[in-house]
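Chemist: Take a look at this one; I'll ask things after.
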Amino acid sequence: MKGNYVIGVDGGNSKTDYFLFDLSGTLVDHIRSGTCSHEQFKDSYAEAYRVMNEQITLLLSRNGLSMEDVATGAFGLAGADIPVQKRNLNEVVEKISFTTYALDNDSFLGIKVGSEKGYGICSINGSGVCTGGISPSGQRLQVGGVGSELSGDEGGGFYLSRRVIRAIYDSFYRLAPETSMTAPALKLIGVSDKESFMDYALEQLITRKLPFTELVTLLLESAENGDPVASAIVEHSARQLAYSTVGCISHLDFDEGPVDIVMAGSVWVKAASPIMRDRYKQIVAELTGRECNFILLQEPPAAGAVVWALELAHGGPLSAELRKKIVDALQ
């Protein structure tokens, strides 16, 4: 295999991290730039190629390197959800001149950095949700990630904050029960009466100024305090994410041993209230009937791209020492 360096790319819908490491696991350079997702560009895959090629060329050239010096690459990309998207993105990566590489949805990066085994399940619950699984044999499966109505992605900050708005609107005009979330939600949105509530909420939703994080925090705190409306939303979301997790496990060739389940994303990792996390774990345990190791991901997911690239370069799983070296470099 040619080259003494690897490149790991964590490409989200708002930002992209490009990492250059050598084969010993030493960080050489890093670039953070805007999104590389084809879904965010008018010219789709052509623009994704232009952006990624530009940044990778810069990453290498300013270190006196070229693609001839790169052994492998790994790409965790938002928008790599269905086979046709992955085929097109493979073409983009190969056009950049990668010959040995891994490419998949960014949910798989959590497994590579969160599980010392290098396989398991990653449940992402951040602004959106997605579930990815890698089996001991290397089989991969993504469940969800294409839209709540289509694939049960009924979690994440965008979805949950909209559910809070819906619950309050229903209590105003659609004969639904009242909720303790109403007064603090109106204050967060900056409105004092129910007649203006939806106007303000909709405008903020369209302009992306809705206080998503604060509304999710309100939802979880209200559920923890026993509000039945909030509790029902949390229960529904926890169950839907559990269904995706258990469905992913059941469709991959896991053995009878414990399964590592990595929990990533701001709603899982940063939420002060554990109520949704705990309920999700309970439902997964009930549905699987097997031992699961739940791992709350504290490491940067981008480290998973570097781990994956180095696994390809070294021909197998990395030592615990090498994994730690990579994670420490990105903290």
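Lettering and numbering for the structure tokens are positional, with chains as A, B, ... in the shown order, residues counted from 1 in each chain, and ligands counted from 1 in the shown order.
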Output as a list in words all residues of segment 29-60 of chain A that backbone DSSP marks as helix (DSSP H, G or I).

Modeler: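 Of segment 29-60 of chain A, only His38, Glu39, Gln40, Ser44, Tyr45, Ala46, Glu47, Ala48, Tyr49, Arg50, Val51, Met52, Asn53, Glu54, Gln55, Ile56, Thr57, Leu58, Leu59 and Leu60 of chain A fall in helix (DSSP H, G or I).
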
Chemist: Create the file for the chosen residues now, containing N, CA, C and O atoms and written as a tab-separated table (two decimals), in the first residue's frame.

Modeler:
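Final output, saved to part38.tsv:
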```
chain	number	residue	atom	x	y	z
A	38	HIS	N	-23.65	17.11	-0.31
A	38	HIS	CA	-24.28	17.38	-1.61
A	38	HIS	C	-25.70	17.90	-1.44
A	38	HIS	O	-26.21	18.62	-2.30
A	39	GLU	N	-26.34	17.55	-0.33
A	39	GLU	CA	-27.72	17.96	-0.10
A	39	GLU	C	-27.84	19.46	0.15
A	39	GLU	O	-28.94	20.02	0.06
A	40	GLN	N	-26.73	20.10	0.48
A	40	GLN	CA	-26.75	21.53	0.79
A	40	GLN	C	-26.37	22.41	-0.40
A	40	GLN	O	-26.39	23.63	-0.30
A	44	SER	N	-25.18	19.96	-6.22
A	44	SER	CA	-25.17	18.62	-5.64
A	44	SER	C	-23.77	18.00	-5.59
A	44	SER	O	-22.86	18.56	-4.98
A	45	TYR	N	-23.60	16.85	-6.23
A	45	TYR	CA	-22.35	16.09	-6.12
A	45	TYR	C	-21.17	16.82	-6.78
A	45	TYR	O	-20.03	16.67	-6.32
A	46	ALA	N	-21.43	17.59	-7.81
A	46	ALA	CA	-20.35	18.33	-8.46
A	46	ALA	C	-19.74	19.34	-7.48
A	46	ALA	O	-18.51	19.49	-7.41
A	47	GLU	N	-20.59	20.01	-6.72
A	47	GLU	CA	-20.10	20.96	-5.74
A	47	GLU	C	-19.45	20.25	-4.55
A	47	GLU	O	-18.45	20.74	-3.99
A	48	ALA	N	-20.01	19.10	-4.16
A	48	ALA	CA	-19.39	18.32	-3.08
A	48	ALA	C	-17.97	17.93	-3.46
A	48	ALA	O	-17.04	18.00	-2.64
A	49	TYR	N	-17.78	17.51	-4.72
A	49	TYR	CA	-16.44	17.18	-5.19
A	49	TYR	C	-15.53	18.40	-5.13
A	49	TYR	O	-14.39	18.32	-4.64
A	50	ARG	N	-16.01	19.53	-5.63
A	50	ARG	CA	-15.17	20.73	-5.67
A	50	ARG	C	-14.72	21.12	-4.27
A	50	ARG	O	-13.53	21.41	-4.04
A	51	VAL	N	-15.65	21.10	-3.32
A	51	VAL	CA	-15.33	21.52	-1.95
A	51	VAL	C	-14.36	20.54	-1.29
A	51	VAL	O	-13.34	20.95	-0.72
A	52	MET	N	-14.65	19.25	-1.38
A	52	MET	CA	-13.77	18.28	-0.72
A	52	MET	C	-12.39	18.24	-1.37
A	52	MET	O	-11.37	18.18	-0.68
A	53	ASN	N	-12.36	18.29	-2.67
A	53	ASN	CA	-11.07	18.25	-3.36
A	53	ASN	C	-10.23	19.49	-3.02
A	53	ASN	O	-9.01	19.38	-2.79
A	54	GLU	N	-10.87	20.62	-2.94
A	54	GLU	CA	-10.17	21.86	-2.60
A	54	GLU	C	-9.56	21.78	-1.21
A	54	GLU	O	-8.39	22.15	-1.00
A	55	GLN	N	-10.33	21.32	-0.24
A	55	GLN	CA	-9.84	21.27	1.14
A	55	GLN	C	-8.78	20.19	1.33
A	55	GLN	O	-7.80	20.39	2.05
A	56	ILE	N	-8.97	19.03	0.71
A	56	ILE	CA	-7.98	17.96	0.84
A	56	ILE	C	-6.68	18.33	0.15
A	56	ILE	O	-5.59	18.06	0.66
A	57	THR	N	-6.77	18.97	-1.01
A	57	THR	CA	-5.57	19.45	-1.69
A	57	THR	C	-4.81	20.45	-0.83
A	57	THR	O	-3.58	20.40	-0.72
A	58	LEU	N	-5.54	21.36	-0.18
A	58	LEU	CA	-4.92	22.34	0.71
A	58	LEU	C	-4.27	21.64	1.90
A	58	LEU	O	-3.14	21.97	2.29
A	59	LEU	N	-4.98	20.70	2.49
A	59	LEU	CA	-4.47	19.96	3.65
A	59	LEU	C	-3.13	19.30	3.32
A	59	LEU	O	-2.20	19.32	4.13
A	60	LEU	N	-3.04	18.71	2.15
A	60	LEU	CA	-1.82	18.02	1.75
A	60	LEU	C	-0.73	19.00	1.32
A	60	LEU	O	0.43	18.89	1.74
```

Chemist: I'd like the neighbourhood of Ala230 of chain A as an MDAnalysis selection string, where a residue qualifies if any of its atoms comes within 9 Å (using only C-alpha atoms), though same-chain residues fewer than 2 positions away should be ignored.

Modeler: chainID A and resid 164 167 179:181 218:224 226:228 232:235

Chemist: May I have the selected residues written with C-alpha atoms, as a PDB file, in the first residue's frame?

Modeler:
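Output file out_20.pdb follows:
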```
ATOM      1  CA  VAL A 164     -43.528  21.008  21.981  1.00  0.00           C
ATOM      2  CA  ALA A 167     -48.620  20.181  21.979  1.00  0.00           C
ATOM      3  CA  THR A 179     -49.377  21.377  29.706  1.00  0.00           C
ATOM      4  CA  SER A 180     -46.983  23.039  32.131  1.00  0.00           C
ATOM      5  CA  MET A 181     -44.725  23.742  29.128  1.00  0.00           C
ATOM      6  CA  LEU A 218     -38.001  22.402  28.748  1.00  0.00           C
ATOM      7  CA  LEU A 219     -39.558  19.214  27.371  1.00  0.00           C
ATOM      8  CA  LEU A 220     -37.219  16.899  29.295  1.00  0.00           C
ATOM      9  CA  GLU A 221     -37.485  18.864  32.527  1.00  0.00           C
ATOM     10  CA  SER A 222     -41.282  18.914  32.270  1.00  0.00           C
ATOM     11  CA  ALA A 223     -41.381  15.159  31.684  1.00  0.00           C
ATOM     12  CA  GLU A 224     -39.090  14.602  34.649  1.00  0.00           C
ATOM     13  CA  GLY A 226     -44.409  14.495  35.736  1.00  0.00           C
ATOM     14  CA  ASP A 227     -46.130  16.587  33.056  1.00  0.00           C
ATOM     15  CA  PRO A 228     -48.219  13.970  31.176  1.00  0.00           C
ATOM     16  CA  ALA A 232     -45.916  11.145  26.295  1.00  0.00           C
ATOM     17  CA  ILE A 233     -43.622  12.938  23.809  1.00  0.00           C
ATOM     18  CA  VAL A 234     -40.496  11.616  25.526  1.00  0.00           C
ATOM     19  CA  GLU A 235     -41.895   8.088  25.689  1.00  0.00           C
TER      20      GLU A 235
END
```

Chemist: Considering only C-alpha atoms, return as an NGL selection string whatever protein or nucleic-acid residues lie within 10 Å of Glu68 of chain A, sequence-local ones (same chain, fewer than 3 positions apart) excluded.

Modeler: :A and (2-5 or 65 or 71 or 97-98)

Chemist: Set the distance at 9 Å and use only C-alpha atoms: which residues neighbour Leu241 of chain A once local chain neighbours fewer than 4 positions away are removed? I'd like the list as a list in words.

Modeler: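 So the residues in contact are Ser123, Ile124, Asn125, Val129, Cys130, Thr131, Gly152, Asp153, Glu154, Gly155, His236, Ser237, Thr245, Val246, Tyr280 and Val284 of chain A.
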
Chemist: Can you measure atom CA of Ser244 of chain A to atom CA of Gly144 of chain A for me? One decimal in Å is fine.

Modeler: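 Between atom CA of Ser244 of chain A and atom CA of Gly144 of chain A the gap is 7.2 Å.
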
Chemist: Rank A:Ile168, A:Cys36, A:Ala238, A:Met276 by their smallest atom-to-atom distance to Ala201 of chain A, using only C-alpha atoms, and report the top residue only.

Modeler: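 Closest to Ala201 of chain A of all the choices is A:Ile168.
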
Chemist: Enumerate, in order of chain and increasing residue number, the residues of segment 65-141 of chain A with an atom no farther than 12 Å from segment 301-323 of chain A, each with its shortest atom pair and distance in Å to one decimal, counting only C-alpha atoms, as CSV.

Modeler:
```
residue,atom,partner,partner_atom,distance
A:Val70,CA,A:Ala313,CA,9.8
A:Ala71,CA,A:Ala313,CA,6.4
A:Thr72,CA,A:Ala309,CA,5.7
A:Gly73,CA,A:Ala309,CA,5.0
A:Ala74,CA,A:Ala309,CA,4.9
A:Phe75,CA,A:Ala305,CA,6.2
A:Gly76,CA,A:Ala305,CA,6.5
A:Leu77,CA,A:Ala305,CA,10.0
A:Phe98,CA,A:Ala309,CA,11.6
A:Thr99,CA,A:Leu312,CA,11.5
A:Thr100,CA,A:Leu312,CA,7.7
A:Tyr101,CA,A:Ala309,CA,7.0
A:Ala102,CA,A:Ala309,CA,7.2
A:Leu103,CA,A:Ala305,CA,9.3
A:Asp104,CA,A:Ala305,CA,10.2
A:Asn105,CA,A:Ala305,CA,10.9
A:Asp106,CA,A:Pro301,CA,8.4
A:Ser107,CA,A:Pro301,CA,8.6
A:Phe108,CA,A:Gly304,CA,7.9
A:Leu109,CA,A:Gly304,CA,4.4
A:Gly110,CA,A:Pro301,CA,5.3
A:Ile111,CA,A:Gly304,CA,7.2
A:Lys112,CA,A:Gly304,CA,4.7
A:Val113,CA,A:Gly304,CA,4.4
A:Gly114,CA,A:Gly304,CA,7.9
A:Ser115,CA,A:Gly304,CA,9.8
A:Glu116,CA,A:Ala320,CA,7.3
A:Lys117,CA,A:Pro317,CA,7.7
A:Gly118,CA,A:Pro317,CA,6.9
A:Tyr119,CA,A:Pro317,CA,10.0
A:Cys122,CA,A:Pro301,CA,10.7
A:Ile124,CA,A:Pro301,CA,10.6
A:Pro136,CA,A:Pro317,CA,11.2
A:Ser137,CA,A:Gly316,CA,11.8
A:Gly138,CA,A:Gly316,CA,11.0
```

Chemist: Kindly give the distance, in Å, that separates atom CA of Ser231 of chain A and atom CA of Ile275 of chain A, rounded to a single decimal.

Modeler: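 Answer for the atom CA of Ser231 of chain A to atom CA of Ile275 of chain A separation: 9.2 Å.
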
Chemist: Between atom CA of Pro274 of chain A and atom CA of Gln331 of chain A, what is the distance in Å, rounded to a tenth?

Modeler: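 If I compute the distance from atom CA of Pro274 of chain A to atom CA of Gln331 of chain A, I get 24.2 Å.
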
Chemist: When distances are computed from only C-alpha atoms, which of A:Ile134, A:Asp22, A:Glu299, A:Met67 shows the smallest separation from Lys95 of chain A?

Modeler: A:Met67

Chemist: Would you mind listing what lies within 10 Å of Ser135 of chain A as a list in words, with only C-alpha atoms counted and same-chain residues fewer than 4 positions away left out?

Modeler: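 Contacts, with the query itself left out: Gly118, Tyr119, Gly120, Ile121, Gln139, Arg140, Leu141, Cys248, Ile249, His251, Leu252, Asp253, Phe254, Asp255 and Val259 of chain A.
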
Chemist: Can I get the selected residues back with C-alpha atoms, as an mmCIF file, in the first residue's frame?

Modeler:
```cif
data_model
loop_
_atom_site.group_PDB
_atom_site.id
_atom_site.type_symbol
_atom_site.label_atom_id
_atom_site.label_comp_id
_atom_site.auth_asym_id
_atom_site.auth_seq_id
_atom_site.Cartn_x
_atom_site.Cartn_y
_atom_site.Cartn_z
ATOM 1 C CA GLY A 118 -14.761 -1.484 16.425
ATOM 2 C CA TYR A 119 -18.279 -2.816 15.908
ATOM 3 C CA GLY A 120 -21.703 -2.317 17.468
ATOM 4 C CA ILE A 121 -24.547 0.181 17.119
ATOM 5 C CA GLN A 139 -21.592 -5.894 7.695
ATOM 6 C CA ARG A 140 -23.044 -2.389 7.884
ATOM 7 C CA LEU A 141 -26.638 -1.216 8.107
ATOM 8 C CA CYS A 248 -30.498 -2.659 13.308
ATOM 9 C CA ILE A 249 -29.192 -5.322 15.711
ATOM 10 C CA HIS A 251 -30.695 -7.438 10.805
ATOM 11 C CA LEU A 252 -26.938 -7.813 11.327
ATOM 12 C CA ASP A 253 -24.990 -10.963 12.159
ATOM 13 C CA PHE A 254 -24.139 -10.228 15.774
ATOM 14 C CA ASP A 255 -23.212 -13.210 17.925
ATOM 15 C CA VAL A 259 -23.641 -5.505 21.985
#
```

Chemist: From the DSSP assignment of the backbone, select every residue of segment 49-250 of chain A that is strand (DSSP E or B), and format the answer as a list in words.

Modeler: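 Of segment 49-250 of chain A, only Val70, Ala71, Thr72, Gly73, Ala74, Phe75, Gly76, Leu77, Tyr101, Ala102, Leu103, Asp104, Gly120, Ile121, Cys122, Ser123, Ile124, Asn125, Val129, Cys130, Thr131, Gly132, Gly133, Ile134, Arg140, Leu141, Gln142 and Val143 of chain A fall in strand (DSSP E or B).
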
Chemist: Pick the closest to Ala242 of chain A from A:Glu149, A:Glu94, A:Asp278, A:Glu214: which is it, counting only C-alpha atoms?

Modeler: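 When distances to Ala242 of chain A are compared using only C-alpha atoms, the smallest one comes from A:Asp278.
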
Chemist: For Asp29 of chain A, work out the shell of residues within 12 Å, counting only C-alpha atoms and skipping chain neighbours fewer than 2 positions away, then give it as a list of chain:residue names.

Modeler: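 Selected residues are A:Tyr5, A:Val6, A:Ile7, A:Gly8, A:Asp17, A:Tyr18, A:Phe19, A:Leu20, A:Phe21, A:Asp22, A:Gly25, A:Thr26, A:Leu27, A:Ile31, A:Arg32, A:Gln55, A:Ile56, A:Leu58, A:Leu59, A:Leu60, A:Ser61, A:Arg62, A:Asn63, A:Gly64, A:Leu65, A:Ala329, A:Leu330.
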
Chemist: For the residues in the current selection, export N, CA and C atoms as a PDB file, in the first residue's frame.

Modeler:
```
ATOM      1  N   TYR A   5       0.436   8.252   5.102  1.00  0.00           N
ATOM      2  CA  TYR A   5      -0.514   9.114   5.769  1.00  0.00           C
ATOM      3  C   TYR A   5      -1.935   8.647   5.500  1.00  0.00           C
ATOM      4  N   VAL A   6      -2.842   9.044   6.394  1.00  0.00           N
ATOM      5  CA  VAL A   6      -4.263   8.764   6.193  1.00  0.00           C
ATOM      6  C   VAL A   6      -5.040  10.059   6.381  1.00  0.00           C
ATOM      7  N   ILE A   7      -6.213  10.106   5.755  1.00  0.00           N
ATOM      8  CA  ILE A   7      -7.103  11.263   5.886  1.00  0.00           C
ATOM      9  C   ILE A   7      -8.449  10.788   6.406  1.00  0.00           C
ATOM     10  N   GLY A   8      -8.927  11.452   7.440  1.00  0.00           N
ATOM     11  CA  GLY A   8     -10.254  11.179   7.981  1.00  0.00           C
ATOM     12  C   GLY A   8     -11.138  12.399   7.821  1.00  0.00           C
ATOM     13  N   ASP A  17     -14.801  18.447   9.130  1.00  0.00           N
ATOM     14  CA  ASP A  17     -13.450  18.341   9.659  1.00  0.00           C
ATOM     15  C   ASP A  17     -12.634  17.409   8.775  1.00  0.00           C
ATOM     16  N   TYR A  18     -11.461  17.874   8.348  1.00  0.00           N
ATOM     17  CA  TYR A  18     -10.521  17.088   7.556  1.00  0.00           C
ATOM     18  C   TYR A  18      -9.263  16.893   8.401  1.00  0.00           C
ATOM     19  N   PHE A  19      -8.887  15.637   8.663  1.00  0.00           N
ATOM     20  CA  PHE A  19      -7.724  15.352   9.493  1.00  0.00           C
ATOM     21  C   PHE A  19      -6.675  14.592   8.695  1.00  0.00           C
ATOM     22  N   LEU A  20      -5.429  14.996   8.896  1.00  0.00           N
ATOM     23  CA  LEU A  20      -4.284  14.311   8.302  1.00  0.00           C
ATOM     24  C   LEU A  20      -3.453  13.715   9.437  1.00  0.00           C
ATOM     25  N   PHE A  21      -3.306  12.396   9.432  1.00  0.00           N
ATOM     26  CA  PHE A  21      -2.501  11.677  10.418  1.00  0.00           C
ATOM     27  C   PHE A  21      -1.450  10.850   9.692  1.00  0.00           C
ATOM     28  N   ASP A  22      -0.345  10.561  10.382  1.00  0.00           N
ATOM     29  CA  ASP A  22       0.575   9.590   9.813  1.00  0.00           C
ATOM     30  C   ASP A  22       0.214   8.202  10.321  1.00  0.00           C
ATOM     31  N   GLY A  25      -0.237   7.255  14.000  1.00  0.00           N
ATOM     32  CA  GLY A  25      -1.315   7.857  14.775  1.00  0.00           C
ATOM     33  C   GLY A  25      -1.010   9.252  15.270  1.00  0.00           C
ATOM     34  N   THR A  26      -0.055   9.920  14.653  1.00  0.00           N
ATOM     35  CA  THR A  26       0.299  11.289  15.024  1.00  0.00           C
ATOM     36  C   THR A  26      -0.462  12.285  14.161  1.00  0.00           C
ATOM     37  N   LEU A  27      -1.107  13.252  14.804  1.00  0.00           N
ATOM     38  CA  LEU A  27      -1.825  14.294  14.072  1.00  0.00           C
ATOM     39  C   LEU A  27      -0.832  15.197  13.362  1.00  0.00           C
ATOM     40  N   ILE A  31      -8.111  20.755   9.108  1.00  0.00           N
ATOM     41  CA  ILE A  31      -8.857  21.880   8.535  1.00  0.00           C
ATOM     42  C   ILE A  31     -10.329  21.711   8.911  1.00  0.00           C
ATOM     43  N   ARG A  32     -10.927  22.782   9.395  1.00  0.00           N
ATOM     44  CA  ARG A  32     -12.384  22.819   9.589  1.00  0.00           C
ATOM     45  C   ARG A  32     -12.949  23.837   8.613  1.00  0.00           C
ATOM     46  N   GLN A  55     -10.328  21.316  -0.242  1.00  0.00           N
ATOM     47  CA  GLN A  55      -9.843  21.270   1.142  1.00  0.00           C
ATOM     48  C   GLN A  55      -8.779  20.187   1.335  1.00  0.00           C
ATOM     49  N   ILE A  56      -8.970  19.033   0.709  1.00  0.00           N
ATOM     50  CA  ILE A  56      -7.984  17.957   0.845  1.00  0.00           C
ATOM     51  C   ILE A  56      -6.676  18.333   0.150  1.00  0.00           C
ATOM     52  N   LEU A  58      -5.540  21.361  -0.184  1.00  0.00           N
ATOM     53  CA  LEU A  58      -4.922  22.338   0.709  1.00  0.00           C
ATOM     54  C   LEU A  58      -4.268  21.644   1.896  1.00  0.00           C
ATOM     55  N   LEU A  59      -4.984  20.697   2.487  1.00  0.00           N
ATOM     56  CA  LEU A  59      -4.470  19.959   3.648  1.00  0.00           C
ATOM     57  C   LEU A  59      -3.131  19.299   3.323  1.00  0.00           C
ATOM     58  N   LEU A  60      -3.040  18.710   2.146  1.00  0.00           N
ATOM     59  CA  LEU A  60      -1.820  18.017   1.753  1.00  0.00           C
ATOM     60  C   LEU A  60      -0.730  18.997   1.315  1.00  0.00           C
ATOM     61  N   SER A  61      -1.089  19.949   0.472  1.00  0.00           N
ATOM     62  CA  SER A  61      -0.071  20.816  -0.132  1.00  0.00           C
ATOM     63  C   SER A  61       0.656  21.654   0.900  1.00  0.00           C
ATOM     64  N   ARG A  62      -0.046  22.127   1.908  1.00  0.00           N
ATOM     65  CA  ARG A  62       0.635  22.965   2.896  1.00  0.00           C
ATOM     66  C   ARG A  62       1.540  22.151   3.823  1.00  0.00           C
ATOM     67  N   ASN A  63       1.498  20.818   3.675  1.00  0.00           N
ATOM     68  CA  ASN A  63       2.425  19.943   4.382  1.00  0.00           C
ATOM     69  C   ASN A  63       3.415  19.271   3.436  1.00  0.00           C
ATOM     70  N   GLY A  64       3.488  19.810   2.206  1.00  0.00           N
ATOM     71  CA  GLY A  64       4.431  19.295   1.238  1.00  0.00           C
ATOM     72  C   GLY A  64       4.097  17.905   0.735  1.00  0.00           C
ATOM     73  N   LEU A  65       2.793  17.569   0.727  1.00  0.00           N
ATOM     74  CA  LEU A  65       2.355  16.226   0.354  1.00  0.00           C
ATOM     75  C   LEU A  65       1.386  16.293  -0.821  1.00  0.00           C
ATOM     76  N   ALA A 329      -5.415  13.315  20.686  1.00  0.00           N
ATOM     77  CA  ALA A 329      -4.975  14.365  19.761  1.00  0.00           C
ATOM     78  C   ALA A 329      -6.117  15.256  19.316  1.00  0.00           C
ATOM     79  N   LEU A 330      -7.356  14.746  19.386  1.00  0.00           N
ATOM     80  CA  LEU A 330      -8.508  15.505  18.900  1.00  0.00           C
ATOM     81  C   LEU A 330      -9.338  16.111  20.018  1.00  0.00           C
TER      82      LEU A 330
END
```

Chemist: Of the candidates A:Val267, A:Arg279, A:Gly128, A:Phe172, which one gets nearest to Asp193 of chain A if we count only C-alpha atoms?

Modeler: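 Comparing A:Val267, A:Arg279, A:Gly128, A:Phe172 against Asp193 of chain A, the winner is A:Phe172.
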